[in-house]
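*Asks:* One file: coords_8.cif (mmCIF, N, CA and C atoms).
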data_final
loop_
_atom_site.group_PDB
_atom_site.id
_atom_site.type_symbol
_atom_site.label_atom_id
_atom_site.label_comp_id
_atom_site.auth_asym_id
_atom_site.auth_seq_id
_atom_site.Cartn_x
_atom_site.Cartn_y
_atom_site.Cartn_z
ATOM 1 N N HIS B 1360 5.431 -0.006 13.981
ATOM 2 C CA HIS B 1360 5.004 -1.100 14.818
ATOM 3 C C HIS B 1360 3.829 -1.831 14.169
ATOM 4 N N LEU B 1361 3.797 -3.111 14.410
ATOM 5 C CA LEU B 1361 2.710 -3.923 13.882
ATOM 6 C C LEU B 1361 1.515 -3.849 14.832
ATOM 7 N N PRO B 1362 0.305 -3.849 14.299
ATOM 8 C CA PRO B 1362 -0.887 -3.789 15.159
ATOM 9 C C PRO B 1362 -0.942 -4.966 16.133
ATOM 10 N N PHE B 1363 -1.378 -4.671 17.351
ATOM 11 C CA PHE B 1363 -1.428 -5.657 18.425
ATOM 12 C C PHE B 1363 -2.197 -6.914 18.026
ATOM 13 N N GLN B 1364 -3.374 -6.761 17.417
ATOM 14 C CA GLN B 1364 -4.185 -7.927 17.039
ATOM 15 C C GLN B 1364 -3.471 -8.795 16.008
ATOM 16 N N LEU B 1365 -2.758 -8.171 15.079
ATOM 17 C CA LEU B 1365 -1.984 -8.929 14.085
ATOM 18 C C LEU B 1365 -0.894 -9.737 14.779
ATOM 19 N N VAL B 1366 -0.201 -9.128 15.708
ATOM 20 C CA VAL B 1366 0.866 -9.820 16.438
ATOM 21 C C VAL B 1366 0.293 -10.980 17.234
ATOM 22 N N ARG B 1367 -0.778 -10.731 17.936
ATOM 23 C CA ARG B 1367 -1.364 -11.753 18.818
ATOM 24 C C ARG B 1367 -1.958 -12.929 18.059
ATOM 25 N N LYS B 1368 -2.630 -12.649 16.943
ATOM 26 C CA LYS B 1368 -3.357 -13.706 16.247
ATOM 27 C C LYS B 1368 -2.589 -14.338 15.090
ATOM 28 N N VAL B 1369 -1.709 -13.582 14.447
ATOM 29 C CA VAL B 1369 -1.070 -14.090 13.231
ATOM 30 C C VAL B 1369 0.447 -14.201 13.373
ATOM 31 N N ILE B 1370 1.093 -13.147 13.781
ATOM 32 C CA ILE B 1370 2.563 -13.129 13.845
ATOM 33 C C ILE B 1370 3.076 -14.072 14.931
ATOM 34 N N LYS B 1371 2.518 -13.963 16.105
ATOM 35 C CA LYS B 1371 2.883 -14.767 17.272
ATOM 36 C C LYS B 1371 4.393 -14.797 17.475
ATOM 37 N N LYS B 1372 5.017 -15.954 17.246
ATOM 38 C CA LYS B 1372 6.455 -16.078 17.525
ATOM 39 C C LYS B 1372 7.313 -16.048 16.264
ATOM 40 N N ARG B 1373 6.734 -15.622 15.171
ATOM 41 C CA ARG B 1373 7.527 -15.555 13.930
ATOM 42 C C ARG B 1373 8.669 -14.569 14.075
ATOM 43 N N THR B 1374 9.743 -14.879 13.394
ATOM 44 C CA THR B 1374 10.901 -13.985 13.422
ATOM 45 C C THR B 1374 11.159 -13.361 12.053
ATOM 46 N N ARG B 1375 10.450 -13.853 11.027
ATOM 47 C CA ARG B 1375 10.611 -13.329 9.660
ATOM 48 C C ARG B 1375 9.267 -13.325 8.949
ATOM 49 N N VAL B 1376 9.085 -12.325 8.098
ATOM 50 C CA VAL B 1376 7.963 -12.277 7.167
ATOM 51 C C VAL B 1376 8.481 -11.654 5.880
ATOM 52 N N TYR B 1377 7.645 -11.671 4.873
ATOM 53 C CA TYR B 1377 7.969 -11.009 3.610
ATOM 54 C C TYR B 1377 6.915 -9.940 3.358
ATOM 55 N N ILE B 1378 7.387 -8.739 3.088
ATOM 56 C CA ILE B 1378 6.486 -7.669 2.672
ATOM 57 C C ILE B 1378 6.414 -7.759 1.160
ATOM 58 N N THR B 1379 5.218 -7.989 0.629
ATOM 59 C CA THR B 1379 5.036 -8.106 -0.816
ATOM 60 C C THR B 1379 4.390 -6.837 -1.343
ATOM 61 N N SER B 1380 5.071 -6.194 -2.276
ATOM 62 C CA SER B 1380 4.513 -5.024 -2.939
ATOM 63 C C SER B 1380 3.494 -5.499 -3.961
ATOM 64 N N MET B 1381 2.257 -5.068 -3.818
ATOM 65 C CA MET B 1381 1.224 -5.455 -4.773
ATOM 66 C C MET B 1381 1.326 -4.628 -6.056
ATOM 67 N N MET B 1382 2.221 -3.641 -6.090
ATOM 68 C CA MET B 1382 2.419 -2.845 -7.296
ATOM 69 C C MET B 1382 3.387 -3.531 -8.259
ATOM 70 N N ASN B 1383 4.459 -4.128 -7.727
ATOM 71 C CA ASN B 1383 5.443 -4.764 -8.611
ATOM 72 C C ASN B 1383 5.758 -6.216 -8.214
ATOM 73 N N LEU B 1384 5.045 -6.739 -7.206
ATOM 74 C CA LEU B 1384 5.196 -8.114 -6.708
ATOM 75 C C LEU B 1384 6.591 -8.433 -6.178
ATOM 76 N N HIS B 1385 7.335 -7.410 -5.815
ATOM 77 C CA HIS B 1385 8.651 -7.601 -5.203
ATOM 78 C C HIS B 1385 8.455 -7.992 -3.739
ATOM 79 N N ASN B 1386 9.246 -8.952 -3.268
ATOM 80 C CA ASN B 1386 9.218 -9.368 -1.867
ATOM 81 C C ASN B 1386 10.409 -8.781 -1.127
ATOM 82 N N TYR B 1387 10.135 -8.228 0.033
ATOM 83 C CA TYR B 1387 11.175 -7.679 0.897
ATOM 84 C C TYR B 1387 11.250 -8.565 2.132
ATOM 85 N N GLY B 1388 12.331 -9.309 2.267
ATOM 86 C CA GLY B 1388 12.500 -10.158 3.442
ATOM 87 C C GLY B 1388 12.689 -9.308 4.672
ATOM 88 N N ALA B 1389 11.874 -9.556 5.701
ATOM 89 C CA ALA B 1389 11.879 -8.688 6.878
ATOM 90 C C ALA B 1389 12.056 -9.494 8.158
ATOM 91 N N LYS B 1390 12.955 -9.029 8.994
ATOM 92 C CA LYS B 1390 13.079 -9.585 10.333
ATOM 93 C C LYS B 1390 12.049 -8.900 11.211
ATOM 94 N N ILE B 1391 11.382 -9.691 12.037
ATOM 95 C CA ILE B 1391 10.442 -9.134 13.001
ATOM 96 C C ILE B 1391 11.203 -8.977 14.314
ATOM 97 N N LYS B 1392 11.200 -7.765 14.809
ATOM 98 C CA LYS B 1392 11.914 -7.470 16.045
ATOM 99 C C LYS B 1392 10.906 -7.253 17.164
ATOM 100 N N THR B 1393 11.288 -7.657 18.358
ATOM 101 C CA THR B 1393 10.427 -7.498 19.531
ATOM 102 C C THR B 1393 10.985 -6.383 20.401
ATOM 103 N N ALA B 1394 10.109 -5.472 20.803
ATOM 104 C CA ALA B 1394 10.521 -4.390 21.693
ATOM 105 C C ALA B 1394 10.865 -4.959 23.063
ATOM 106 N N SER B 1395 11.828 -4.358 23.721
ATOM 107 C CA SER B 1395 12.259 -4.879 25.021
ATOM 108 C C SER B 1395 11.215 -4.665 26.109
ATOM 109 N N ARG B 1396 10.316 -3.689 25.932
ATOM 110 C CA ARG B 1396 9.357 -3.383 26.993
ATOM 111 C C ARG B 1396 8.102 -4.251 26.979
ATOM 112 N N ASP B 1397 7.834 -4.946 25.840
ATOM 113 C CA ASP B 1397 6.596 -5.728 25.747
ATOM 114 C C ASP B 1397 6.751 -6.810 24.677
ATOM 115 N N PRO B 1398 6.537 -8.091 25.015
ATOM 116 C CA PRO B 1398 6.718 -9.160 24.032
ATOM 117 C C PRO B 1398 5.706 -9.116 22.887
ATOM 118 N N PHE B 1399 4.587 -8.394 23.057
ATOM 119 C CA PHE B 1399 3.610 -8.267 21.971
ATOM 120 C C PHE B 1399 3.820 -6.998 21.148
ATOM 121 N N GLU B 1400 4.834 -6.223 21.472
ATOM 122 C CA GLU B 1400 5.155 -5.028 20.687
ATOM 123 C C GLU B 1400 6.253 -5.407 19.698
ATOM 124 N N LYS B 1401 5.871 -5.504 18.429
ATOM 125 C CA LYS B 1401 6.810 -5.954 17.403
ATOM 126 C C LYS B 1401 6.857 -4.941 16.268
ATOM 127 N N TYR B 1402 7.973 -4.949 15.561
ATOM 128 C CA TYR B 1402 8.142 -4.020 14.448
ATOM 129 C C TYR B 1402 9.052 -4.619 13.392
ATOM 130 N N ILE B 1403 9.009 -4.008 12.223
ATOM 131 C CA ILE B 1403 9.848 -4.408 11.092
ATOM 132 C C ILE B 1403 10.785 -3.251 10.797
ATOM 133 N N GLY B 1404 12.033 -3.537 10.582
ATOM 134 C CA GLY B 1404 13.006 -2.471 10.373
ATOM 135 C C GLY B 1404 13.339 -2.188 8.928
ATOM 136 N N ARG B 1405 14.498 -2.605 8.504
ATOM 137 C CA ARG B 1405 15.062 -2.236 7.198
ATOM 138 C C ARG B 1405 14.176 -2.560 5.998
ATOM 139 N N ALA B 1406 13.516 -3.686 5.996
ATOM 140 C CA ALA B 1406 12.698 -4.080 4.841
ATOM 141 C C ALA B 1406 11.604 -3.058 4.589
ATOM 142 N N TRP B 1407 11.005 -2.549 5.656
ATOM 143 C CA TRP B 1407 9.954 -1.549 5.497
ATOM 144 C C TRP B 1407 10.518 -0.271 4.878
ATOM 145 N N TYR B 1408 11.700 0.118 5.304
ATOM 146 C CA TYR B 1408 12.316 1.329 4.748
ATOM 147 C C TYR B 1408 12.722 1.134 3.290
ATOM 148 N N ARG B 1409 13.115 -0.081 2.917
ATOM 149 C CA ARG B 1409 13.397 -0.358 1.494
ATOM 150 C C ARG B 1409 12.114 -0.241 0.672
ATOM 151 N N PHE B 1410 11.008 -0.766 1.205
ATOM 152 C CA PHE B 1410 9.714 -0.628 0.533
ATOM 153 C C PHE B 1410 9.385 0.853 0.341
ATOM 154 N N LEU B 1411 9.530 1.642 1.395
ATOM 155 C CA LEU B 1411 9.225 3.075 1.308
ATOM 156 C C LEU B 1411 10.120 3.783 0.299
ATOM 157 N N ASP B 1412 11.402 3.458 0.273
ATOM 158 C CA ASP B 1412 12.323 4.063 -0.705
ATOM 159 C C ASP B 1412 11.915 3.721 -2.129
ATOM 160 N N ASP B 1413 11.490 2.477 -2.350
ATOM 161 C CA ASP B 1413 11.110 2.047 -3.702
ATOM 162 C C ASP B 1413 9.802 2.676 -4.183
ATOM 163 N N HIS B 1414 8.873 2.932 -3.262
ATOM 164 C CA HIS B 1414 7.538 3.376 -3.676
ATOM 165 C C HIS B 1414 7.226 4.830 -3.351
ATOM 166 N N ASN B 1415 8.009 5.441 -2.480
ATOM 167 C CA ASN B 1415 7.891 6.860 -2.183
ATOM 168 C C ASN B 1415 6.459 7.321 -1.892
ATOM 169 N N PRO B 1416 5.799 6.754 -0.867
ATOM 170 C CA PRO B 1416 4.453 7.226 -0.548
ATOM 171 C C PRO B 1416 4.492 8.672 -0.072
ATOM 172 N N ARG B 1417 3.409 9.389 -0.369
ATOM 173 C CA ARG B 1417 3.306 10.803 -0.005
ATOM 174 C C ARG B 1417 2.103 11.014 0.906
ATOM 175 N N VAL B 1418 2.073 12.152 1.552
ATOM 176 C CA VAL B 1418 0.927 12.509 2.383
ATOM 177 C C VAL B 1418 -0.320 12.464 1.507
ATOM 178 N N GLY B 1419 -1.361 11.797 1.978
ATOM 179 C CA GLY B 1419 -2.608 11.668 1.229
ATOM 180 C C GLY B 1419 -2.735 10.334 0.518
ATOM 181 N N ASP B 1420 -1.603 9.636 0.290
ATOM 182 C CA ASP B 1420 -1.660 8.300 -0.307
ATOM 183 C C ASP B 1420 -2.204 7.325 0.739
ATOM 184 N N LEU B 1421 -2.711 6.209 0.259
ATOM 185 C CA LEU B 1421 -3.307 5.205 1.134
ATOM 186 C C LEU B 1421 -2.503 3.911 1.019
ATOM 187 N N LEU B 1422 -2.124 3.341 2.155
ATOM 188 C CA LEU B 1422 -1.451 2.045 2.189
ATOM 189 C C LEU B 1422 -2.444 1.024 2.729
ATOM 190 N N VAL B 1423 -2.658 -0.057 1.972
ATOM 191 C CA VAL B 1423 -3.587 -1.114 2.369
ATOM 192 C C VAL B 1423 -2.779 -2.368 2.646
ATOM 193 N N PHE B 1424 -2.960 -2.937 3.836
ATOM 194 C CA PHE B 1424 -2.218 -4.114 4.270
ATOM 195 C C PHE B 1424 -3.151 -5.308 4.368
ATOM 196 N N ASN B 1425 -2.686 -6.467 3.884
ATOM 197 C CA ASN B 1425 -3.412 -7.729 4.032
ATOM 198 C C ASN B 1425 -2.419 -8.797 4.452
ATOM 199 N N MET B 1426 -2.844 -9.621 5.385
ATOM 200 C CA MET B 1426 -2.040 -10.783 5.761
ATOM 201 C C MET B 1426 -3.015 -11.896 6.059
ATOM 202 N N TYR B 1427 -2.887 -12.979 5.341
ATOM 203 C CA TYR B 1427 -3.784 -14.114 5.516
ATOM 204 C C TYR B 1427 -3.131 -15.124 6.434
ATOM 205 N N HIS B 1428 -3.924 -15.719 7.274
ATOM 206 C CA HIS B 1428 -3.401 -16.669 8.253
ATOM 207 C C HIS B 1428 -3.619 -18.090 7.757
ATOM 208 N N PRO B 1429 -2.691 -18.974 7.765
ATOM 209 C CA PRO B 1429 -1.293 -18.753 8.082
ATOM 210 C C PRO B 1429 -0.525 -18.299 6.847
ATOM 211 N N SER B 1430 0.347 -17.378 7.023
ATOM 212 C CA SER B 1430 1.134 -16.883 5.905
ATOM 213 C C SER B 1430 2.380 -16.198 6.429
ATOM 214 N N ASP B 1431 3.374 -16.168 5.589
ATOM 215 C CA ASP B 1431 4.601 -15.437 5.909
ATOM 216 C C ASP B 1431 4.687 -14.159 5.094
ATOM 217 N N TYR B 1432 3.579 -13.763 4.465
ATOM 218 C CA TYR B 1432 3.582 -12.610 3.567
ATOM 219 C C TYR B 1432 2.595 -11.543 4.039
ATOM 220 N N ILE B 1433 3.076 -10.313 4.114
ATOM 221 C CA ILE B 1433 2.223 -9.154 4.344
ATOM 222 C C ILE B 1433 2.127 -8.444 3.003
ATOM 223 N N ASN B 1434 0.945 -8.418 2.433
ATOM 224 C CA ASN B 1434 0.735 -7.769 1.133
ATOM 225 C C ASN B 1434 0.423 -6.297 1.363
ATOM 226 N N VAL B 1435 1.131 -5.430 0.630
ATOM 227 C CA VAL B 1435 0.939 -3.993 0.789
ATOM 228 C C VAL B 1435 0.642 -3.380 -0.569
ATOM 229 N N LYS B 1436 -0.447 -2.630 -0.616
ATOM 230 C CA LYS B 1436 -0.836 -1.936 -1.846
ATOM 231 C C LYS B 1436 -0.838 -0.441 -1.564
ATOM 232 N N LEU B 1437 -0.183 0.305 -2.438
ATOM 233 C CA LEU B 1437 -0.139 1.763 -2.336
ATOM 234 C C LEU B 1437 -1.127 2.340 -3.334
ATOM 235 N N ILE B 1438 -2.068 3.122 -2.829
ATOM 236 C CA ILE B 1438 -3.042 3.778 -3.691
ATOM 237 C C ILE B 1438 -2.765 5.271 -3.610
ATOM 238 N N ARG B 1439 -2.354 5.830 -4.715
ATOM 239 C CA ARG B 1439 -2.008 7.251 -4.761
ATOM 240 C C ARG B 1439 -3.251 8.116 -4.568
ATOM 241 N N GLU B 1440 -3.075 9.233 -3.905
ATOM 242 C CA GLU B 1440 -4.187 10.152 -3.669
ATOM 243 C C GLU B 1440 -4.825 10.575 -4.988
ATOM 244 N N ARG B 1441 -4.010 10.870 -5.988
ATOM 245 C CA ARG B 1441 -4.563 11.320 -7.272
ATOM 246 C C ARG B 1441 -5.405 10.229 -7.927
ATOM 247 N N ASP B 1442 -5.021 8.962 -7.771
ATOM 248 C CA ASP B 1442 -5.805 7.858 -8.335
ATOM 249 C C ASP B 1442 -7.143 7.725 -7.614
ATOM 250 N N ARG B 1443 -7.135 7.900 -6.297
ATOM 251 C CA ARG B 1443 -8.390 7.840 -5.540
ATOM 252 C C ARG B 1443 -9.298 8.996 -5.947
ATOM 253 N N ARG B 1444 -8.708 10.179 -6.096
ATOM 254 C CA ARG B 1444 -9.482 11.361 -6.479
ATOM 255 C C ARG B 1444 -10.060 11.198 -7.876
ATOM 256 N N ASP B 1445 -9.230 10.725 -8.824
ATOM 257 C CA ASP B 1445 -9.700 10.512 -10.199
ATOM 258 C C ASP B 1445 -10.811 9.479 -10.241
ATOM 259 N N ASN B 1446 -10.656 8.395 -9.489
ATOM 260 C CA ASN B 1446 -11.663 7.335 -9.440
ATOM 261 C C ASN B 1446 -12.975 7.875 -8.871
ATOM 262 N N TYR B 1447 -12.889 8.701 -7.849
ATOM 263 C CA TYR B 1447 -14.085 9.299 -7.247
ATOM 264 C C TYR B 1447 -14.819 10.160 -8.268
ATOM 265 N N HIS B 1448 -14.076 10.988 -9.014
ATOM 266 C CA HIS B 1448 -14.709 11.852 -10.016
ATOM 267 C C HIS B 1448 -15.308 11.043 -11.168
ATOM 268 N N GLN B 1449 -14.662 9.951 -11.539
ATOM 269 C CA GLN B 1449 -15.222 9.098 -12.595
ATOM 270 C C GLN B 1449 -16.547 8.488 -12.138
ATOM 271 N N LYS B 1450 -16.603 8.044 -10.896
ATOM 272 C CA LYS B 1450 -17.847 7.476 -10.360
ATOM 273 C C LYS B 1450 -18.951 8.529 -10.326
ATOM 274 N N LEU B 1451 -18.600 9.749 -9.936
ATOM 275 C CA LEU B 1451 -19.592 10.817 -9.905
ATOM 276 C C LEU B 1451 -20.117 11.125 -11.316
ATOM 277 N N ASN B 1452 -19.216 11.153 -12.295
ATOM 278 C CA ASN B 1452 -19.615 11.447 -13.668
ATOM 279 C C ASN B 1452 -20.526 10.352 -14.231
ATOM 280 N N ARG B 1453 -20.297 9.110 -13.842
ATOM 281 C CA ARG B 1453 -21.172 8.026 -14.301
ATOM 282 C C ARG B 1453 -22.536 8.099 -13.617
ATOM 283 N N ARG B 1454 -22.538 8.514 -12.369
ATOM 284 C CA ARG B 1454 -23.775 8.575 -11.603
ATOM 285 C C ARG B 1454 -24.619 9.789 -12.014
ATOM 286 N N TYR B 1455 -23.949 10.921 -12.287
ATOM 287 C CA TYR B 1455 -24.649 12.163 -12.625
ATOM 288 C C TYR B 1455 -24.097 12.738 -13.919
ATOM 289 N N PRO B 1456 -24.440 12.134 -15.065
ATOM 290 C CA PRO B 1456 -23.876 12.607 -16.355
ATOM 291 C C PRO B 1456 -24.368 13.980 -16.761
#
Here is a file; write its structure as C-alpha cells.

*Replies:*
Amino acid sequence: HLPFQLVRKVIKKRTRVYITSMMNLHNYGAKIKTASRDPFEKYIGRAWYRFLDDHNPRVGDLLVFNMYHPSDYINVKLIRERDRRDNYHQKLNRRYP
C-alpha cells in the first residue's frame, strides 16, 4: 500500500505511475489500484512484484522511495545491508585510524 500522505498530496486521482529503479534506470509501468473500503487506500500490483523479482531485496536491505510533485515517477533505490555495513566501517576507519 502507498502511504496515506503520498496518496493525498501527490497521487490523488492518478491511475498510473512508473516505478523507476535507481540501480538500472528501468521503468516499471504501474497501475494504481484503489481499495474498495477506502478511496485513499491505494496500492500497486504487478509492477512492484516485477521490481522485486529483478532486484531481490533481502531482510536488512533498505529501500528508499522518492516522488517529486508533480511527477508520474516513483524513484526506488535499493541499498544492500552489506553496502551500508561496509560504508559504516569505512567511515569509522577514517574517523579513528

*Asks:* Give, as JSON, the centre coordinates and the x, y and z edge lengths in Å to one decimal for an axis-aligned box around all listed atoms of stretch 1379-1385 of chain B, padded by 5 Å on each side.

*Replies:*
{"center_x": 4.9, "center_y": -5.6, "center_z": -4.0, "size_x": 17.4, "size_y": 15.6, "size_z": 19.2}

*Asks:* Report the distance between atom C of B:Lys1392 and atom C of B:Arg1417 in Å, rounded to one decimal place.

*Replies:*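 Those two atoms sit 26.0 Å apart.
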
*Asks:* Go through B:Ile1391, B:Leu1384, B:Val1418, B:Leu1411 and flag the residue nearest B:Lys1371, using only C-alpha atoms for the distances.

*Replies:*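 Closest to B:Lys1371 of all the choices is B:Ile1391.
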
*Asks:* Can you list what the PyMOL selection byres ((chain B and resi 1380) around 8) grabs from this structure, as a list in words?

*Replies:*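 Taken on the displayed file, the PyMOL selection byres ((chain B and resi 1380) around 8) yields the residues Tyr1377, Ile1378, Thr1379, Met1381, Met1382, Asn1383, Leu1384, His1385, Asn1386, Tyr1387, Phe1410, Ile1433, Asn1434, Val1435, Lys1436 and Leu1437 of chain B.
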
*Asks:* With N, CA and C atoms kept, could you save the residues just selected as a PDB file, in the frame of the given file?

*Replies:*
ATOM      1  N   TYR B1377       7.645 -11.671   4.873  1.00  0.00           N
ATOM      2  CA  TYR B1377       7.969 -11.009   3.610  1.00  0.00           C
ATOM      3  C   TYR B1377       6.915  -9.940   3.358  1.00  0.00           C
ATOM      4  N   ILE B1378       7.387  -8.739   3.088  1.00  0.00           N
ATOM      5  CA  ILE B1378       6.486  -7.669   2.672  1.00  0.00           C
ATOM      6  C   ILE B1378       6.414  -7.759   1.160  1.00  0.00           C
ATOM      7  N   THR B1379       5.218  -7.989   0.629  1.00  0.00           N
ATOM      8  CA  THR B1379       5.036  -8.106  -0.816  1.00  0.00           C
ATOM      9  C   THR B1379       4.390  -6.837  -1.343  1.00  0.00           C
ATOM     10  N   MET B1381       2.257  -5.068  -3.818  1.00  0.00           N
ATOM     11  CA  MET B1381       1.224  -5.455  -4.773  1.00  0.00           C
ATOM     12  C   MET B1381       1.326  -4.628  -6.056  1.00  0.00           C
ATOM     13  N   MET B1382       2.221  -3.641  -6.090  1.00  0.00           N
ATOM     14  CA  MET B1382       2.419  -2.845  -7.296  1.00  0.00           C
ATOM     15  C   MET B1382       3.387  -3.531  -8.259  1.00  0.00           C
ATOM     16  N   ASN B1383       4.459  -4.128  -7.727  1.00  0.00           N
ATOM     17  CA  ASN B1383       5.443  -4.764  -8.611  1.00  0.00           C
ATOM     18  C   ASN B1383       5.758  -6.216  -8.214  1.00  0.00           C
ATOM     19  N   LEU B1384       5.045  -6.739  -7.206  1.00  0.00           N
ATOM     20  CA  LEU B1384       5.196  -8.114  -6.708  1.00  0.00           C
ATOM     21  C   LEU B1384       6.591  -8.433  -6.178  1.00  0.00           C
ATOM     22  N   HIS B1385       7.335  -7.410  -5.815  1.00  0.00           N
ATOM     23  CA  HIS B1385       8.651  -7.601  -5.203  1.00  0.00           C
ATOM     24  C   HIS B1385       8.455  -7.992  -3.739  1.00  0.00           C
ATOM     25  N   ASN B1386       9.246  -8.952  -3.268  1.00  0.00           N
ATOM     26  CA  ASN B1386       9.218  -9.368  -1.867  1.00  0.00           C
ATOM     27  C   ASN B1386      10.409  -8.781  -1.127  1.00  0.00           C
ATOM     28  N   TYR B1387      10.135  -8.228   0.033  1.00  0.00           N
ATOM     29  CA  TYR B1387      11.175  -7.679   0.897  1.00  0.00           C
ATOM     30  C   TYR B1387      11.250  -8.565   2.132  1.00  0.00           C
ATOM     31  N   PHE B1410      11.008  -0.766   1.205  1.00  0.00           N
ATOM     32  CA  PHE B1410       9.714  -0.628   0.533  1.00  0.00           C
ATOM     33  C   PHE B1410       9.385   0.853   0.341  1.00  0.00           C
ATOM     34  N   ILE B1433       3.076 -10.313   4.114  1.00  0.00           N
ATOM     35  CA  ILE B1433       2.223  -9.154   4.344  1.00  0.00           C
ATOM     36  C   ILE B1433       2.127  -8.444   3.003  1.00  0.00           C
ATOM     37  N   ASN B1434       0.945  -8.418   2.433  1.00  0.00           N
ATOM     38  CA  ASN B1434       0.735  -7.769   1.133  1.00  0.00           C
ATOM     39  C   ASN B1434       0.423  -6.297   1.363  1.00  0.00           C
ATOM     40  N   VAL B1435       1.131  -5.430   0.630  1.00  0.00           N
ATOM     41  CA  VAL B1435       0.939  -3.993   0.789  1.00  0.00           C
ATOM     42  C   VAL B1435       0.642  -3.380  -0.569  1.00  0.00           C
ATOM     43  N   LYS B1436      -0.447  -2.630  -0.616  1.00  0.00           N
ATOM     44  CA  LYS B1436      -0.836  -1.936  -1.846  1.00  0.00           C
ATOM     45  C   LYS B1436      -0.838  -0.441  -1.564  1.00  0.00           C
ATOM     46  N   LEU B1437      -0.183   0.305  -2.438  1.00  0.00           N
ATOM     47  CA  LEU B1437      -0.139   1.763  -2.336  1.00  0.00           C
ATOM     48  C   LEU B1437      -1.127   2.340  -3.334  1.00  0.00           C
TER      49      LEU B1437
END

*Asks:* Pick out each residue of chain B that DSSP on the backbone tags as strand (DSSP E or B); I need them as a list of chain:residue names.

*Replies:* B:Arg1375, B:Val1376, B:Tyr1377, B:Ile1378, B:Thr1379, B:Ser1380, B:Asn1386, B:Tyr1387, B:Gly1388, B:Ala1389, B:Lys1390, B:Ile1391, B:Lys1392, B:Thr1393, B:Lys1401, B:Tyr1402, B:Ile1403, B:Leu1421, B:Leu1422, B:Val1423, B:Phe1424, B:Asn1425, B:Tyr1432, B:Ile1433, B:Asn1434, B:Val1435, B:Lys1436, B:Leu1437, B:Ile1438

*Asks:* Check what the PyMOL selection byres ((chain B and resi 1406) around 7) selects in the file above and give those residues as JSON, numbers by chain.

*Replies:* {"B": [1387, 1388, 1389, 1390, 1403, 1404, 1405, 1407, 1408, 1409, 1410, 1411]}

*Asks:* Which residue out of B:Asn1446, B:Asn1415, B:Ser1395, B:Asn1425 has the minimum interatomic distance to B:Leu1365 when only C-alpha atoms are used?

*Replies:*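 Comparing B:Asn1446, B:Asn1415, B:Ser1395, B:Asn1425 against B:Leu1365, the winner is B:Asn1425.
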
*Asks:* List as a list in words the residues having at least one atom at most 10 Å from position (-2.3, 9.0, -2.8) as given in the file, counting only C-alpha atoms.

*Replies:* Pro1416, Arg1417, Val1418, Gly1419, Asp1420, Leu1421, Leu1422, Leu1437, Ile1438, Arg1439, Glu1440, Arg1441, Asp1442, Arg1443 and Arg1444 of chain B

*Asks:* Could you tell me, as a list in words, which residues of chain B DSSP assigns to alpha helix (DSSP H) when given the backbone?

*Replies:*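 The alpha helix (DSSP H) residues within chain B come out as Phe1363, Gln1364, Leu1365, Arg1405, Ala1406, Trp1407, Tyr1408, Arg1409, Phe1410, Leu1411, Asp1412, Asp1413, His1414, Glu1440, Arg1441, Asp1442, Arg1443, Arg1444, Asp1445, Asn1446, Tyr1447, His1448, Gln1449, Lys1450, Leu1451, Asn1452, Arg1453 and Arg1454 of chain B.
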
*Asks:* Find the distance between atom C of B:Arg1373 and atom C of B:Val1423 and write it in Å to one decimal.

*Replies:*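 Atom C of B:Val1423 lies at a distance of 20.3 Å from atom C of B:Arg1373.
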
*Asks:* What gap, in Å, lies between atom N of B:His1428 and atom N of B:Ile1370?

*Replies:*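 Computing the Euclidean distance for atom N of B:His1428 and atom N of B:Ile1370 yields 8.6 Å.
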
*Asks:* From the list B:Asp1445, B:Pro1362, B:Val1376, B:Pro1429, which residue is nearest B:Glu1400 when using only C-alpha atoms?

*Replies:* B:Pro1362
